[in-house]
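For reference, the structure discussed in these notes is given below.
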Amino acid sequence: MNYYLEGANIMILKELTQKRLVTINYYQDGILQKCKGRIFKLNLAEQTVLLKDQQQKTFSIRLSRIMEIV
């Protein structure tokens, strides 16, 4: 199931925080990055998603940088 973010659809992101493994494709410094893990926090004030990968490393990804969630 692919989720394309147009206007940061918050309802879909909240649903994805249910311990489901996801892959997020996003831009960082002009380079397309890929991160696989579980969304554990959605910070609407800072417009970020916090994701933990399988090694428990935490990634903070800005919503405006996300291209696709698979």
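Chain labels follow the order of the structure tokens: the first chain is A, the next B, and so on; residue numbering restarts at 1 in every chain, and ligands are counted from 1 in their shown order.
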
Q | Shell of 8 Å around Ser60 in chain A, only C-alpha atoms, local chain residues under 3 positions omitted, as a ChimeraX atom specification | A | /A:48-51

Q.
To one decimal place in Å, what is the distance between CA of Gln47 in chain A and CA of Lys19 in chain A?
A. 19.9 Å

Q | Atom pair CA of Asn43 in chain A / CA of Ile31 in chain A: separation (Å) | A |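 Here the two named atoms are 23.3 Å from each other.
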
Q. In Å to one decimal, how far is CA of Cys35 in chain A from CA of Asp53 in chain A?
A.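 Between CA of Asp53 in chain A and CA of Cys35 in chain A the gap works out to 7.4 Å.
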
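Of the residues under consideration (A:Gly37, A:Gln28, A:Lys57, A:Ala45), A:Gly37 shows the shortest atom-to-atom contact distance to Val70 in chain A when counting only C-alpha atoms.
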
**Q.** Within 10 Å of Arg20 in chain A using only C-alpha atoms, minus same-chain residues under 5 positions, as a PyMOL selection string
**A.** chain A and resi 15+37-40

Export of prior selection with N, CA and C atoms as a JSON list (two decimals), in the first residue's frame:
```json
[["chain", "number", "residue", "atom", "x", "y", "z"],
["A", 15, "GLU", "N", -2.62, 6.88, 11.47],
["A", 15, "GLU", "CA", -2.94, 5.46, 11.33],
["A", 15, "GLU", "C", -1.67, 4.61, 11.23],
["A", 37, "GLY", "N", 11.39, 1.55, 8.88],
["A", 37, "GLY", "CA", 11.23, 1.40, 10.32],
["A", 37, "GLY", "C", 9.78, 1.58, 10.73],
["A", 38, "ARG", "N", 9.60, 1.95, 11.99],
["A", 38, "ARG", "CA", 8.26, 2.15, 12.55],
["A", 38, "ARG", "C", 8.11, 3.60, 13.00],
["A", 39, "ILE", "N", 6.99, 4.21, 12.62],
["A", 39, "ILE", "CA", 6.69, 5.57, 13.08],
["A", 39, "ILE", "C", 6.26, 5.47, 14.53],
["A", 40, "PHE", "N", 6.97, 6.20, 15.41],
["A", 40, "PHE", "CA", 6.57, 6.14, 16.82],
["A", 40, "PHE", "C", 6.09, 7.47, 17.36]]
```
